[in-house]
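K.L.:
Pasting entry.txt below, which is compact mmCIF, C-alpha atoms.
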```txt
# COMPACT_ATOMS: atom_id res chain seq x y z
CA MET A 1 32.60 13.14 -36.33
CA ASP A 2 31.37 12.84 -32.75
CA LEU A 3 31.77 16.55 -31.94
CA VAL A 4 30.92 16.20 -28.25
CA ARG A 5 33.49 13.46 -27.69
CA HIS A 6 36.13 15.41 -29.64
CA LEU A 7 35.43 18.52 -27.55
CA GLU A 8 35.75 16.48 -24.36
CA CYS A 9 39.20 15.42 -25.56
CA PHE A 10 40.14 19.01 -26.40
CA VAL A 11 39.08 20.31 -22.97
CA ALA A 12 40.87 17.48 -21.15
CA VAL A 13 44.17 18.10 -22.95
CA ALA A 14 43.84 21.86 -22.44
CA GLU A 15 43.25 21.45 -18.70
CA GLU A 16 45.84 18.71 -18.10
CA GLN A 17 48.42 20.21 -20.50
CA HIS A 18 49.59 16.65 -21.07
CA PHE A 19 48.33 13.97 -23.46
CA GLY A 20 49.11 11.09 -21.12
CA ARG A 21 47.27 12.56 -18.16
CA ALA A 22 44.34 13.61 -20.38
CA ALA A 23 44.11 10.08 -21.82
CA ALA A 24 44.04 8.57 -18.32
CA ARG A 25 41.34 11.04 -17.28
CA LEU A 26 39.24 10.10 -20.29
CA GLY A 27 39.82 6.36 -19.88
CA MET A 28 41.43 5.89 -23.29
CA ALA A 29 44.83 5.24 -24.81
CA GLN A 30 47.05 8.16 -25.81
CA PRO A 31 47.30 7.45 -29.58
CA PRO A 32 43.51 7.61 -30.20
CA LEU A 33 43.40 10.81 -28.15
CA SER A 34 46.09 12.40 -30.33
CA GLN A 35 44.18 11.29 -33.43
CA ARG A 36 40.96 12.91 -32.16
CA ILE A 37 42.74 16.21 -31.49
CA GLN A 38 44.27 16.14 -34.96
CA ARG A 39 40.90 15.46 -36.58
CA LEU A 40 39.26 18.26 -34.58
CA GLU A 41 41.98 20.62 -35.74
CA ARG A 42 41.34 19.62 -39.35
CA GLU A 43 37.58 20.09 -38.97
CA LEU A 44 37.97 23.51 -37.33
CA GLY A 45 40.78 24.62 -39.59
CA VAL A 46 42.91 25.91 -36.70
CA ARG A 47 45.78 24.55 -34.62
CA LEU A 48 44.72 24.01 -31.02
CA PHE A 49 48.03 22.94 -29.40
CA GLU A 50 51.73 23.39 -29.85
CA ARG A 51 53.42 20.08 -29.17
CA SER A 52 56.98 19.26 -28.14
CA SER A 53 58.57 16.13 -26.77
CA ARG A 54 57.84 17.27 -23.21
CA HIS A 55 55.18 19.95 -23.29
CA VAL A 56 51.72 20.66 -24.73
CA THR A 57 50.83 24.33 -24.98
CA ILE A 58 47.42 25.59 -26.01
CA THR A 59 47.51 28.05 -28.90
CA LYS A 60 45.83 31.44 -29.00
CA ALA A 61 43.11 29.96 -31.23
CA GLY A 62 42.70 27.10 -28.78
CA THR A 63 42.37 29.53 -25.87
CA LEU A 64 39.67 31.48 -27.71
CA LEU A 65 37.76 28.28 -28.47
CA LEU A 66 38.12 26.69 -25.03
CA THR A 67 35.39 28.74 -23.37
CA GLU A 68 32.87 27.91 -26.10
CA ALA A 69 33.89 24.25 -25.99
CA ARG A 70 33.14 24.12 -22.27
CA GLU A 71 29.78 25.83 -22.80
CA LEU A 72 28.85 23.39 -25.54
CA LEU A 73 29.67 20.46 -23.27
CA LEU A 74 27.52 21.90 -20.50
CA ARG A 75 24.65 22.39 -22.94
CA SER A 76 25.02 18.85 -24.23
CA GLU A 77 24.84 17.54 -20.66
CA SER A 78 21.71 19.64 -20.08
CA LEU A 79 20.15 18.31 -23.30
CA LEU A 80 20.86 14.72 -22.31
CA ALA A 81 19.45 15.30 -18.82
CA THR A 82 16.28 16.77 -20.32
CA ALA A 83 16.01 13.81 -22.69
CA ARG A 84 16.31 11.44 -19.72
CA ARG A 85 13.53 13.27 -17.86
CA ILE A 86 11.29 13.06 -20.93
CA ARG A 87 12.14 9.39 -21.38
CA ASP A 88 11.37 8.68 -17.74
CA GLY A 89 8.08 10.62 -17.86
CA GLU A 90 9.30 13.37 -15.53
CA SER A 91 8.85 16.26 -17.99
CA GLY A 92 7.61 17.04 -21.48
CA LEU A 93 4.20 17.28 -23.14
CA LEU A 94 1.72 14.41 -23.36
CA ARG A 95 -1.25 14.78 -25.73
CA ALA A 96 -4.06 12.62 -24.37
CA ALA A 97 -7.79 12.18 -24.93
CA LEU A 98 -10.88 10.86 -23.14
CA PRO A 99 -14.29 10.09 -24.67
CA PRO A 100 -17.23 12.39 -23.82
CA ASP A 101 -19.01 9.78 -21.68
CA VAL A 102 -16.35 9.72 -18.96
CA SER A 103 -17.78 11.26 -15.80
CA GLY A 104 -16.37 14.33 -14.11
CA GLU A 105 -15.48 12.28 -11.04
CA THR A 106 -13.43 9.88 -13.18
CA VAL A 107 -11.63 12.73 -14.96
CA ALA A 108 -10.80 14.32 -11.60
CA ALA A 109 -9.49 11.01 -10.21
CA LEU A 110 -7.38 10.42 -13.31
CA LEU A 111 -5.82 13.89 -13.18
CA ALA A 112 -5.11 13.63 -9.46
CA ARG A 113 -3.31 10.31 -9.89
CA PHE A 114 -1.38 11.48 -12.92
CA ARG A 115 -0.22 14.77 -11.41
CA HIS A 116 0.73 13.15 -8.12
CA GLY A 117 3.15 10.80 -9.85
CA HIS A 118 4.40 13.14 -12.60
CA PRO A 119 4.12 16.77 -11.48
CA GLY A 120 6.65 17.99 -14.05
CA LEU A 121 4.87 16.48 -17.05
CA GLU A 122 2.48 18.74 -18.97
CA LEU A 123 -0.77 16.99 -19.88
CA GLU A 124 -2.75 18.34 -22.84
CA LEU A 125 -6.10 16.61 -22.34
CA HIS A 126 -8.82 16.59 -25.01
CA GLU A 127 -12.42 15.35 -25.03
CA LEU A 128 -12.65 13.26 -28.21
CA PRO A 129 -14.84 10.36 -29.36
CA THR A 130 -13.16 7.15 -30.41
CA ALA A 131 -13.29 7.85 -34.16
CA GLU A 132 -11.56 11.20 -33.73
CA GLN A 133 -8.90 9.65 -31.49
CA LEU A 134 -8.15 7.01 -34.11
CA ALA A 135 -7.84 9.71 -36.77
CA ARG A 136 -5.41 11.71 -34.63
CA PHE A 137 -3.33 8.63 -33.88
CA ALA A 138 -2.97 8.16 -37.65
CA THR A 139 -1.75 11.74 -38.14
CA HIS A 140 0.55 11.67 -35.06
CA GLU A 141 -1.50 14.39 -33.33
CA LEU A 142 -2.30 12.27 -30.28
CA ASP A 143 -0.01 10.27 -27.99
CA VAL A 144 -2.51 8.27 -25.94
CA GLY A 145 -6.25 8.00 -25.43
CA LEU A 146 -9.10 6.06 -23.87
CA ILE A 147 -11.11 4.36 -26.61
CA HIS A 148 -14.34 2.37 -26.86
CA HIS A 149 -14.42 -1.16 -28.21
CA PRO A 150 -15.16 -2.43 -30.74
CA CYS A 151 -13.11 -0.30 -33.14
CA ASP A 152 -10.26 -0.68 -35.60
CA ILE A 153 -7.16 -1.15 -33.44
CA THR A 154 -4.72 -1.72 -36.30
CA GLY A 155 -1.36 -0.24 -35.38
CA LEU A 156 -2.27 0.30 -31.72
CA GLU A 157 -1.16 -1.14 -28.41
CA LEU A 158 -3.74 -1.43 -25.65
CA GLY A 159 -3.88 -1.44 -21.91
CA PRO A 160 -6.28 -3.77 -20.08
CA VAL A 161 -9.85 -3.81 -21.37
CA LEU A 162 -12.29 -2.63 -18.70
CA ARG A 163 -16.06 -3.06 -18.66
CA ARG A 164 -18.77 -0.71 -17.38
CA GLU A 165 -22.25 -2.20 -17.46
CA LEU A 166 -24.94 0.08 -18.87
CA GLY A 167 -28.29 0.84 -17.36
CA VAL A 168 -31.14 2.90 -18.75
CA LEU A 169 -32.10 6.53 -18.08
CA LEU A 170 -35.83 7.03 -18.32
CA PRO A 171 -38.54 9.45 -17.15
CA ARG A 172 -39.45 8.92 -13.53
CA ASP A 173 -43.11 8.52 -14.44
CA ALA A 174 -42.41 5.82 -17.06
CA PRO A 175 -44.02 2.45 -16.24
CA SER A 176 -40.62 0.71 -16.10
CA ALA A 177 -39.16 3.28 -13.70
CA GLY A 178 -40.72 1.43 -10.76
CA ARG A 179 -38.87 -1.80 -11.49
CA PRO A 180 -35.62 -2.68 -9.70
CA GLU A 181 -34.22 -3.64 -13.11
CA VAL A 182 -35.62 -3.17 -16.61
CA PRO A 183 -35.79 -5.88 -19.30
CA LEU A 184 -34.93 -4.48 -22.71
CA PRO A 185 -38.30 -5.53 -24.24
CA ALA A 186 -40.02 -3.27 -21.67
CA LEU A 187 -38.50 -0.27 -23.49
CA SER A 188 -40.27 -1.01 -26.78
CA ASP A 189 -42.58 2.00 -26.45
CA HIS A 190 -39.62 4.38 -26.06
CA ASP A 191 -37.34 5.93 -28.66
CA LEU A 192 -33.63 5.58 -27.95
CA ILE A 193 -31.06 8.35 -27.51
CA LEU A 194 -27.55 7.41 -28.66
CA PHE A 195 -24.33 9.27 -29.34
CA PRO A 196 -23.83 10.22 -33.03
CA ARG A 197 -22.81 7.16 -35.04
CA ALA A 198 -19.75 8.94 -36.45
CA ASN A 199 -18.26 9.04 -32.94
CA ALA A 200 -17.84 5.25 -32.76
CA PRO A 201 -19.55 3.45 -35.69
CA ALA A 202 -18.75 -0.12 -34.64
CA LEU A 203 -19.91 0.46 -31.06
CA TYR A 204 -23.10 2.20 -32.27
CA ASP A 205 -23.97 -0.76 -34.50
CA GLU A 206 -23.10 -3.27 -31.77
CA LEU A 207 -25.43 -1.57 -29.28
CA LEU A 208 -28.38 -1.60 -31.67
CA THR A 209 -27.70 -5.19 -32.69
CA THR A 210 -27.54 -6.31 -29.04
CA CYS A 211 -30.78 -4.46 -28.30
CA ALA A 212 -32.53 -6.17 -31.21
CA ARG A 213 -31.28 -9.59 -30.15
CA ASN A 214 -32.64 -8.98 -26.68
CA GLY A 215 -36.10 -7.83 -27.75
CA TYR A 216 -35.77 -4.06 -28.10
CA THR A 217 -35.89 -2.34 -31.50
CA PRO A 218 -36.56 1.38 -30.98
CA ALA A 219 -38.99 3.02 -33.37
CA ALA A 220 -36.58 5.95 -33.69
CA VAL A 221 -33.03 6.75 -32.65
CA ARG A 222 -32.28 10.29 -31.55
CA HIS A 223 -28.75 11.60 -31.15
CA GLY A 224 -27.15 13.43 -28.25
CA GLN A 225 -24.18 13.10 -25.92
CA GLY A 226 -24.05 15.98 -23.43
CA ALA A 227 -25.68 15.04 -20.10
CA SER A 228 -27.95 18.09 -20.01
CA PHE A 229 -28.99 17.66 -23.64
CA VAL A 230 -29.76 13.96 -23.17
CA ARG A 231 -31.78 14.73 -20.02
CA GLY A 232 -33.77 17.29 -21.97
CA LEU A 233 -34.58 14.75 -24.66
CA VAL A 234 -35.61 12.17 -22.06
CA LEU A 235 -37.97 14.63 -20.41
CA SER A 236 -39.40 16.20 -23.56
CA THR A 237 -39.77 13.14 -25.78
CA GLY A 238 -40.11 10.24 -23.36
CA ALA A 239 -37.10 8.60 -25.00
CA VAL A 240 -34.58 6.57 -23.03
CA ALA A 241 -30.80 6.56 -23.01
CA PHE A 242 -28.14 4.10 -21.93
CA GLY A 243 -25.45 5.04 -19.46
CA PRO A 244 -23.21 3.53 -16.77
CA ARG A 245 -24.20 3.50 -13.15
CA ASP A 246 -21.30 5.75 -12.08
CA ASP A 247 -21.32 5.96 -8.28
CA ARG A 248 -25.10 6.12 -7.73
CA PRO A 249 -27.10 3.43 -5.95
CA ALA A 250 -29.60 1.91 -8.36
CA ASP A 251 -32.62 3.02 -6.34
CA ARG A 252 -31.72 6.71 -6.41
CA PRO A 253 -32.56 9.17 -9.16
CA THR A 254 -29.92 10.57 -11.46
CA ARG A 255 -28.11 13.75 -10.56
CA ASP A 256 -28.86 17.09 -12.13
CA ALA A 257 -26.27 19.43 -13.66
CA HIS A 258 -25.57 20.93 -10.22
CA GLY A 259 -24.91 17.62 -8.51
CA GLY A 260 -28.28 17.34 -6.77
CA ASP A 261 -30.77 14.49 -7.14
CA ASP A 262 -32.86 14.77 -10.29
CA PRO A 263 -36.54 14.24 -9.41
CA ASP A 264 -37.59 13.68 -13.03
CA VAL A 265 -35.13 11.16 -14.49
CA VAL A 266 -34.04 7.83 -12.96
CA TRP A 267 -31.40 5.23 -13.76
CA ARG A 268 -32.19 1.54 -13.63
CA PRO A 269 -30.05 -1.56 -14.30
CA ILE A 270 -30.92 -3.60 -17.39
CA ALA A 271 -31.97 -7.17 -16.66
CA GLY A 272 -29.22 -9.62 -17.54
CA ALA A 273 -26.68 -6.80 -18.11
CA PRO A 274 -26.48 -7.32 -21.89
CA LEU A 275 -25.01 -3.88 -22.61
CA ALA A 276 -21.68 -2.42 -21.54
CA TRP A 277 -19.01 0.09 -22.44
CA ARG A 278 -15.69 -1.65 -23.02
CA HIS A 279 -12.71 0.70 -22.68
CA SER A 280 -8.97 0.51 -22.88
CA VAL A 281 -6.15 3.00 -23.07
CA ALA A 282 -4.54 2.95 -26.52
CA TRP A 283 -1.43 4.40 -28.13
CA PRO A 284 0.45 3.91 -31.43
CA ARG A 285 2.39 0.66 -31.49
CA GLY A 286 6.05 1.11 -30.64
CA ARG A 287 5.57 4.69 -29.41
CA GLY A 288 4.78 4.02 -25.78
CA ASP A 289 7.07 5.61 -23.22
CA ALA A 290 7.06 6.38 -19.50
CA ALA A 291 4.58 9.25 -19.93
CA VAL A 292 2.15 7.07 -21.89
CA GLU A 293 2.57 4.34 -19.29
CA ALA A 294 1.79 6.83 -16.53
CA PHE A 295 -1.41 7.96 -18.23
CA ALA A 296 -2.46 4.36 -18.87
CA ARG A 297 -2.00 3.49 -15.21
CA ALA A 298 -3.84 6.60 -14.01
CA ALA A 299 -6.76 6.07 -16.41
CA THR A 300 -7.06 2.36 -15.62
CA ASP A 301 -7.05 3.00 -11.88
CA ALA A 302 -9.49 5.94 -12.13
CA LEU A 303 -11.96 3.89 -14.18
CA ARG A 304 -11.87 1.08 -11.64
CA THR A 305 -12.15 3.21 -8.51
CA ALA A 306 -14.28 6.18 -9.65
CA ALA A 307 -16.38 4.57 -12.38
CA GLY A 308 -16.70 1.01 -11.05
CA ALA A 309 -15.13 -0.57 -14.15
CA THR A 310 -14.07 -4.21 -13.96
CA PRO A 311 -11.61 -6.25 -16.04
CA ASP A 312 -13.12 -7.66 -19.20
CA VAL A 313 -12.02 -10.64 -21.25
CA PRO A 314 -12.04 -9.61 -24.96
CA THR A 315 -14.06 -11.74 -27.34
CA ARG A 316 -11.46 -11.37 -30.08
CA PRO A 317 -7.64 -11.04 -30.02
CA LEU A 318 -6.39 -7.57 -29.10
CA HIS A 319 -2.86 -6.20 -29.02
CA LEU A 320 -2.81 -6.00 -25.24
CA ARG A 321 0.09 -5.06 -23.01
CA PRO A 322 0.67 -7.64 -20.25
CA ALA A 323 -1.74 -7.07 -17.39
CA SER A 324 1.12 -7.26 -14.91
CA GLU A 325 2.35 -3.90 -16.20
CA PHE A 326 -0.78 -2.13 -14.95
CA TRP A 327 -2.64 -1.64 -11.66
CA LEU A 328 -5.02 -4.57 -11.92
```
Let's see the structure in the file written out as structure tokens.
P.N.:
Amino acid sequence: MDLVRHLECFVAVAEEQHFGRAAARLGMAQPPLSQRIQRLERELGVRLFERSSRHVTITKAGTLLLTEARELLLRSESLLATARRIRDGESGLLRAALPPDVSGETVAALLARFRHGHPGLELELHELPTAEQLARFATHELDVGLIHHPCDITGLELGPVLRRELGVLLPRDAPSAGRPEVPLPALSDHDLILFPRANAPALYDELLTTCARNGYTPAAVRHGQGASFVRGLVLSTGAVAFGPRDDRPADRPTRDAHGGDDPDVVWRPIAGAPLAWRHSVAWPRGRGDAAVEAFARAATDALRTAAGATPDVPTRPLHLRPASEFWL
């Protein structure tokens, strides 16, 4: 039984005190209205109206139930309104994630765009590597995230794939630091600092394979991901690390943890630009809604404007949403 519809019929008859007028108010014929009232009476086990050929009189039981019926209808309207706001991305909770390599400026730009368009939506934002995001998608603990390619995208829908070319972080006194751009073979005397392989196994292997194909096979691979930790390894071991340009001119040193220029570590482009991060927003297939769409738009726009990302053409088929749906 559609309880809400039956209660609407009960309240209409009680207020109009006439089946014909109540039926007209509800936009239905009188016989189905009478049948709904009879079924409601059977379900509740009480008589709601006394009927005669000319009059309809609400019973004592009906009078006692009328107030609660009205309250239930108001609550149902409130529930439906809340559901509409959630559906339209105006309220609710969105569980989202970004990988650790996203810069603070990009995070700030993303949050500003998202909050501006959806101030009533609560965003629960996590810092998670791609592998952990994929695991949480599988257990329904994450609604949307920004992932690195390549990875297993089975069961996911994707926003546009964006590319951020990688340069190299190296000690300022390294021989290659004086070059305007660094060929990968020139790094052969340096160990390499990479994120832990478990964070994004396919990307980790792809980076090393691309390095080898372009003449650089590091003697050792060290692991780190926090900016301060990686800087410490660069300075103490002479190793190098790959990272995007962010918003720095290529001829300026990197920035320290306080935002000032770092006199000891510099960033240089890699000759031929063979290395890049490839990102896209991802969410479980069939579970996208207005809130997910809002995050995808905010993340895509923030990556392009704050991180200098550019559209990338995937080298293999991906389950992409049409580009026209995003800010490209």
K.L.:
In Å, how far is it from atom CA of A:Arg47 to atom CA of A:Pro32?
P.N.:
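Interatomic distance here is 17.7 Å.
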K.L.:
In Å, with one decimal, what is the gap from atom CA of A:Val168 to atom CA of A:Thr209?
P.N.:
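Computing it gives 16.5 Å between the two atoms.
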K.L.:
Is there a way to get, as an MDAnalysis selection string, all residues within 12 Å of the point (-42.2, 1.3, -16.9) in file coordinates, counting only C-alpha atoms?
P.N.:
chainID A and resid 168:190 238 240 266:268
K.L.:
Just the residues within 10 Å of stretch 98-113 of chain A, please, counting only C-alpha atoms, with nothing from its chain fewer than 3 positions along; format it as JSON, numbers by chain.
P.N.:
{"A": [116, 117, 118, 119, 123, 125, 126, 127, 128, 129, 130, 131, 132, 133, 144, 145, 146, 147, 148, 195, 199, 225, 226, 227, 243, 244, 246, 247, 277, 279, 281, 294, 295, 296, 297, 298, 299, 300, 301, 302, 303, 304, 305, 306, 307, 308]}
K.L.:
Would you list the contacts of A:Phe49 as a PDB file with C-alpha atoms, keeping the file's coordinate frame, taking every protein, DNA or RNA residue within 9 Å and counting only C-alpha atoms, but skipping same-chain residues closer than 5 positions in sequence?
P.N.:
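So the final result, stored in around_16.pdb, reads:
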```
ATOM      1  CA  VAL A  13      44.170  18.100 -22.950  1.00  0.00           C
ATOM      2  CA  ALA A  14      43.840  21.860 -22.440  1.00  0.00           C
ATOM      3  CA  ILE A  37      42.740  16.210 -31.490  1.00  0.00           C
ATOM      4  CA  VAL A  56      51.720  20.660 -24.730  1.00  0.00           C
ATOM      5  CA  THR A  57      50.830  24.330 -24.980  1.00  0.00           C
ATOM      6  CA  ILE A  58      47.420  25.590 -26.010  1.00  0.00           C
ATOM      7  CA  THR A  59      47.510  28.050 -28.900  1.00  0.00           C
ATOM      8  CA  LYS A  60      45.830  31.440 -29.000  1.00  0.00           C
ATOM      9  CA  ALA A  61      43.110  29.960 -31.230  1.00  0.00           C
ATOM     10  CA  GLY A  62      42.700  27.100 -28.780  1.00  0.00           C
TER      11      GLY A  62
END
```
K.L.:
For atom CA of A:Ala291 and atom CA of A:Leu156, determine how far apart the two atoms are, in Å to one decimal place.
P.N.:
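One can read the atom CA of A:Ala291 to atom CA of A:Leu156 distance as 16.3 Å.
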K.L.:
Skip A:Leu166 itself and residues of its chain fewer than 5 positions away, then list as a PDB file with C-alpha atoms, keeping the file's coordinate frame all residues within 8 Å of it, counting only C-alpha atoms.
P.N.:
```
ATOM      1  CA  PHE A 242     -28.140   4.100 -21.930  1.00  0.00           C
ATOM      2  CA  GLY A 243     -25.450   5.040 -19.460  1.00  0.00           C
ATOM      3  CA  PRO A 244     -23.210   3.530 -16.770  1.00  0.00           C
ATOM      4  CA  ARG A 245     -24.200   3.500 -13.150  1.00  0.00           C
ATOM      5  CA  PRO A 269     -30.050  -1.560 -14.300  1.00  0.00           C
ATOM      6  CA  ILE A 270     -30.920  -3.600 -17.390  1.00  0.00           C
ATOM      7  CA  ALA A 273     -26.680  -6.800 -18.110  1.00  0.00           C
ATOM      8  CA  LEU A 275     -25.010  -3.880 -22.610  1.00  0.00           C
ATOM      9  CA  ALA A 276     -21.680  -2.420 -21.540  1.00  0.00           C
ATOM     10  CA  TRP A 277     -19.010   0.090 -22.440  1.00  0.00           C
TER      11      TRP A 277
END
```
K.L.:
Hey, could you pull the box centre and edge lengths for stretch 140-154 of chain A, axis-aligned, 4 Å padding per side, all listed atoms, to one decimal in Å, as JSON?
P.N.:
```
{"center_x": -7.3, "center_y": 6.0, "center_z": -30.1, "size_x": 23.7, "size_y": 24.8, "size_z": 20.4}
```
K.L.:
Under the rule that only C-alpha atoms are counted, which of A:Arg222, A:Glu165, A:Phe229, A:Ala282 is the nearest residue to A:Asp152?
P.N.:
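Smallest separation from A:Asp152 among the options: A:Ala282.
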